[in-house]
$ cat final_15.cif   # mmCIF, C-alpha atoms and all ligand atoms
data_model
#
loop_
_atom_site.group_PDB
_atom_site.id
_atom_site.type_symbol
_atom_site.label_atom_id
_atom_site.label_comp_id
_atom_site.auth_asym_id
_atom_site.auth_seq_id
_atom_site.Cartn_x
_atom_site.Cartn_y
_atom_site.Cartn_z
ATOM 1 C CA MET I 1 -225.433 35.569 -77.202
ATOM 2 C CA ALA I 2 -222.349 37.114 -78.721
ATOM 3 C CA ASP I 3 -219.324 37.899 -76.609
ATOM 4 C CA ILE I 4 -219.163 41.571 -75.829
ATOM 5 C CA ASN I 5 -215.724 43.030 -75.461
ATOM 6 C CA LEU I 6 -216.232 46.099 -73.316
ATOM 7 C CA ASN I 7 -212.798 47.445 -74.125
ATOM 8 C CA SER I 8 -213.156 46.673 -77.845
ATOM 9 C CA LYS I 9 -209.624 45.405 -77.422
ATOM 10 C CA PRO I 10 -208.639 42.254 -79.313
ATOM 11 C CA VAL I 11 -207.608 39.247 -77.217
ATOM 12 C CA VAL I 12 -204.107 38.403 -78.370
ATOM 13 C CA PRO I 13 -203.013 34.764 -78.623
ATOM 14 C CA TYR I 14 -201.007 33.182 -75.823
ATOM 15 C CA ARG I 15 -197.354 33.795 -76.660
ATOM 16 C CA THR I 16 -194.247 32.715 -74.788
ATOM 17 C CA THR I 17 -191.732 33.998 -77.306
ATOM 18 C CA PRO I 18 -190.603 37.492 -76.286
ATOM 19 C CA PHE I 19 -192.762 40.360 -77.497
ATOM 20 C CA PRO I 20 -190.325 43.113 -78.567
ATOM 21 C CA GLY I 21 -189.866 45.689 -75.815
ATOM 22 C CA TRP I 22 -191.953 43.835 -73.222
ATOM 23 C CA ASP I 23 -189.102 43.528 -70.735
ATOM 24 C CA GLU I 24 -187.967 47.140 -71.173
ATOM 25 C CA GLU I 25 -191.478 48.464 -70.617
ATOM 26 C CA VAL I 26 -192.160 46.378 -67.513
ATOM 27 C CA ALA I 27 -188.744 47.320 -66.146
ATOM 28 C CA LYS I 28 -189.735 51.005 -66.366
ATOM 29 C CA TRP I 29 -192.644 50.674 -63.945
ATOM 30 C CA PRO I 30 -191.527 51.822 -60.493
ATOM 31 C CA TRP I 31 -191.089 49.315 -57.679
ATOM 32 C CA GLU I 32 -193.209 50.276 -54.689
ATOM 33 C CA LEU I 33 -192.713 49.263 -51.104
ATOM 34 C CA ILE I 34 -196.015 47.550 -50.366
ATOM 35 C CA HIS I 35 -195.278 46.091 -46.939
ATOM 36 C CA LYS I 36 -192.392 46.995 -44.660
ATOM 37 C CA ASP I 37 -193.332 45.493 -41.328
ATOM 38 C CA PRO I 38 -191.283 42.563 -40.097
ATOM 39 C CA PRO I 39 -191.022 39.706 -40.661
ATOM 40 C CA ILE I 40 -191.627 40.358 -44.354
ATOM 41 C CA VAL I 41 -190.733 43.151 -46.730
ATOM 42 C CA ILE I 42 -192.712 43.184 -49.959
ATOM 43 C CA TRP I 43 -191.976 45.090 -53.141
ATOM 44 C CA GLY I 44 -194.383 45.266 -56.040
ATOM 45 C CA LYS I 45 -195.220 46.943 -59.295
ATOM 46 C CA GLU I 46 -198.168 46.927 -61.652
ATOM 47 C CA GLY I 47 -199.270 48.232 -64.996
ATOM 48 C CA THR I 48 -200.769 47.425 -68.361
ATOM 49 C CA CYS I 49 -199.105 44.443 -70.005
ATOM 50 C CA PRO I 50 -197.301 45.731 -73.122
ATOM 51 C CA TYR I 51 -198.302 42.630 -75.069
ATOM 52 C CA CYS I 52 -201.893 41.761 -74.125
ATOM 53 C CA GLY I 53 -203.017 45.144 -72.786
ATOM 54 C CA ASP I 54 -204.493 43.692 -69.581
ATOM 55 C CA HIS I 55 -203.639 44.677 -66.032
ATOM 56 C CA MET I 56 -200.776 42.725 -64.476
ATOM 57 C CA SER I 57 -198.905 42.919 -61.197
ATOM 58 C CA ILE I 58 -195.659 41.657 -59.718
ATOM 59 C CA ILE I 59 -194.930 40.841 -56.079
ATOM 60 C CA GLU I 60 -191.504 40.161 -54.542
ATOM 61 C CA ALA I 61 -191.347 39.257 -50.854
ATOM 62 C CA TYR I 62 -188.262 38.926 -48.644
ATOM 63 C CA ARG I 63 -187.704 37.945 -45.054
ATOM 64 C CA PRO I 64 -185.222 39.763 -42.875
ATOM 65 C CA ILE I 65 -182.054 37.825 -42.225
ATOM 66 C CA VAL I 66 -181.706 39.250 -38.738
ATOM 67 C CA PRO I 67 -184.914 39.250 -36.654
ATOM 68 C CA GLY I 68 -185.560 42.578 -35.005
ATOM 69 C CA LEU I 69 -183.276 44.491 -37.313
ATOM 70 C CA GLU I 70 -184.643 47.959 -37.945
ATOM 71 C CA VAL I 71 -186.571 47.846 -41.209
ATOM 72 C CA SER I 72 -184.697 50.679 -42.888
ATOM 73 C CA ARG I 73 -181.426 48.981 -42.065
ATOM 74 C CA PHE I 74 -182.832 45.640 -43.163
ATOM 75 C CA ILE I 75 -183.734 46.990 -46.584
ATOM 76 C CA GLU I 76 -180.297 48.512 -46.931
ATOM 77 C CA ALA I 77 -178.669 45.275 -45.807
ATOM 78 C CA THR I 78 -180.697 43.108 -48.132
ATOM 79 C CA ARG I 79 -180.107 45.499 -50.982
ATOM 80 C CA ASN I 80 -176.455 44.562 -50.738
ATOM 81 C CA ASN I 81 -176.893 41.043 -49.532
ATOM 82 C CA GLY I 82 -179.837 38.876 -50.418
ATOM 83 C CA ILE I 83 -181.889 40.877 -52.885
ATOM 84 C CA PRO I 84 -181.109 39.659 -56.397
ATOM 85 C CA GLU I 85 -180.008 42.056 -59.104
ATOM 86 C CA THR I 86 -182.729 40.732 -61.394
ATOM 87 C CA VAL I 87 -185.998 38.871 -60.908
ATOM 88 C CA TYR I 88 -188.034 36.653 -63.187
ATOM 89 C CA VAL I 89 -191.472 38.153 -63.864
ATOM 90 C CA TRP I 90 -194.463 37.227 -65.979
ATOM 91 C CA CYS I 91 -197.846 38.566 -67.013
ATOM 92 C CA ASN I 92 -200.502 37.434 -64.536
ATOM 93 C CA CYS I 93 -203.557 39.012 -66.151
ATOM 94 C CA ASP I 94 -206.870 37.258 -65.537
ATOM 95 C CA VAL I 95 -207.819 36.959 -69.201
ATOM 96 C CA ALA I 96 -207.746 33.662 -71.084
ATOM 97 C CA HIS I 97 -205.544 33.963 -74.139
ATOM 98 C CA PRO I 98 -206.248 31.201 -76.675
ATOM 99 C CA PRO I 99 -205.266 28.468 -77.058
ATOM 100 C CA GLU I 100 -204.602 28.548 -73.283
ATOM 101 C CA ALA I 101 -207.862 28.088 -71.402
ATOM 102 C CA THR I 102 -206.478 29.170 -68.046
ATOM 103 C CA HIS I 103 -206.700 32.741 -66.864
ATOM 104 C CA GLN I 104 -203.071 33.062 -65.937
ATOM 105 C CA GLY I 105 -201.500 35.602 -68.181
ATOM 106 C CA CYS I 106 -200.643 35.927 -71.843
ATOM 107 C CA GLY I 107 -197.388 33.950 -71.715
ATOM 108 C CA GLN I 108 -195.003 36.903 -71.674
ATOM 109 C CA HIS I 109 -192.131 36.656 -69.204
ATOM 110 C CA ALA I 110 -188.666 38.095 -68.701
ATOM 111 C CA ARG I 111 -185.885 38.900 -66.281
ATOM 112 C CA ILE I 112 -185.901 42.544 -65.213
ATOM 113 C CA PRO I 113 -183.700 44.637 -62.888
ATOM 114 C CA PHE I 114 -184.627 44.480 -59.216
ATOM 115 C CA GLY I 115 -181.979 45.138 -56.574
ATOM 116 C CA SER I 116 -180.423 48.159 -58.222
ATOM 117 C CA ALA I 117 -183.828 49.420 -59.410
ATOM 118 C CA LEU I 118 -185.371 49.709 -55.926
ATOM 119 C CA PRO I 119 -186.080 53.224 -54.681
ATOM 120 C CA ASN I 120 -184.834 54.381 -51.330
ATOM 121 C CA PRO I 121 -187.616 53.627 -48.862
ATOM 122 C CA GLU I 122 -189.262 56.525 -47.082
ATOM 123 C CA LEU I 123 -189.539 55.250 -43.553
HETATM 124 ZN ZN ZN I 201 -203.758 39.322 -70.832
HETATM 125 ZN ZN ZN I 202 -200.050 40.020 -70.701
#
$ encode --input "final_15.cif" --output "structure tokens"
Amino acid sequence: MADINLNSKPVVPYRTTPFPGWDEEVAKWPWELIHKDPPIVIWGKEGTCPYCGDHMSIIEAYRPIVPGLEVSRFIEATRNNGIPETVYVWCNCDVAHPPEATHQGCGQHARIPFGSALPNPEL
């Protein structure tokens, strides 16, 4: 039986060399506050990978430095102290891109802005 590609989208080869514009595009997706209850604050973003066209997501989790600190104040504190300016991200789509047999992304990765790119939380 022939493989049927429901999206009629070609499966691109696994590629670790930077695809032009990949980092800029992923950087544009907004960070969302996914989880704000102590002891962990989690930021994330998701979208369509600019290289392979599959869905990918990014999760960044941080623990408060001071237990019991009000969450809004914690986020502000970590924004200035503990949250990195940039984070290393990669495509985590669940499609196998040949010659890689694993379903762990298309190989694209980059450093993108984080600390200064976070929105002000609505708490
Ligand atoms: Zn993919
Ligand atoms: Zn990808």
$ residues_near_ligand --input "final_15.cif" --ligand "ligand ZN 201 (chain I)" --cutoff "8 Å" --atoms "only C-alpha atoms and all ligand atoms" --output "PyMOL selection string"
chain I and resi 11-12+49+51-56+91-97+104-106
$ resolve_selection --input "final_15.cif" --expression "the PyMOL selection byres (((chain I and resi 60) around 9) and not hetatm)" --output "PyMOL selection string"
chain I and resi 41-44+58-59+61-62+87
$ atom_distance --input "final_15.cif" --atom1 "CA of Arg111 in chain I" --atom2 "CA of Pro20 in chain I"
13.7 Å
$ atom_distance --input "final_15.cif" --atom1 "CA of Ile40 in chain I" --atom2 "CA of Asp23 in chain I"
26.7 Å
$ atom_distance --input "final_15.cif" --atom1 "CA of Thr48 in chain I" --atom2 "CA of Ser116 in chain I"
22.7 Å
$ resolve_selection --input "final_15.cif" --expression "the PyMOL selection byres (((chain I and resi 117) around 9) and not hetatm)" --output "ChimeraX atom specification"
/I:27,30-31,85-86,113-116,118-119
$ write_last_selection --input "final_15.cif" --atoms "C-alpha atoms" --output "compact mmCIF listing (two decimals), in the frame of the given file"
# COMPACT_ATOMS: atom_id res chain seq x y z
CA ALA I 27 -188.74 47.32 -66.15
CA PRO I 30 -191.53 51.82 -60.49
CA TRP I 31 -191.09 49.32 -57.68
CA GLU I 85 -180.01 42.06 -59.10
CA THR I 86 -182.73 40.73 -61.39
CA PRO I 113 -183.70 44.64 -62.89
CA PHE I 114 -184.63 44.48 -59.22
CA GLY I 115 -181.98 45.14 -56.57
CA SER I 116 -180.42 48.16 -58.22
CA LEU I 118 -185.37 49.71 -55.93
CA PRO I 119 -186.08 53.22 -54.68
$ axis_aligned_box --input "final_15.cif" --around "range 44-51 of chain I" --padding-each-side "8 Å" --output "JSON"
{"center_x": -197.6, "center_y": 45.4, "center_z": -65.6, "size_x": 22.4, "size_y": 21.6, "size_z": 35.0}
$ residues_around --input "final_15.cif" --residues "Trp29 in chain I" --least-positions-apart "2" --cutoff "9 Å" --atoms "only C-alpha atoms" --output "VMD selection string"
chain I and resid 25 to 27 31 45 to 47
$ closest_residue --input "final_15.cif" --among "I:Gly107, I:Pro84, I:Gly21, I:Pro98" --to "ligand ZN 202 (chain I)" --atoms "only C-alpha atoms and all ligand atoms"
I:Gly107
$ closest_residue --input "final_15.cif" --among "I:Pro50, I:Ile112, I:Ser57, I:Lys36" --to "ligand ZN 202 (chain I)" --atoms "all atoms listed in the file"
I:Pro50
$ closest_residue --input "final_15.cif" --among "I:Ile83, I:Val89, I:Ala101, I:Asp37" --to "ligand ZN 202 (chain I)" --atoms "only C-alpha atoms and all ligand atoms"
I:Val89
$ closest_residue --input "final_15.cif" --among "I:His35, I:Ala110, I:Thr17, I:Trp90" --to "ligand ZN 202 (chain I)" --atoms "all atoms listed in the file"
I:Trp90
$ closest_residue --input "final_15.cif" --among "I:Tyr88, I:Glu100, I:Lys9, I:Arg15" --to "ligand ZN 202 (chain I)" --atoms "only C-alpha atoms and all ligand atoms"
I:Arg15
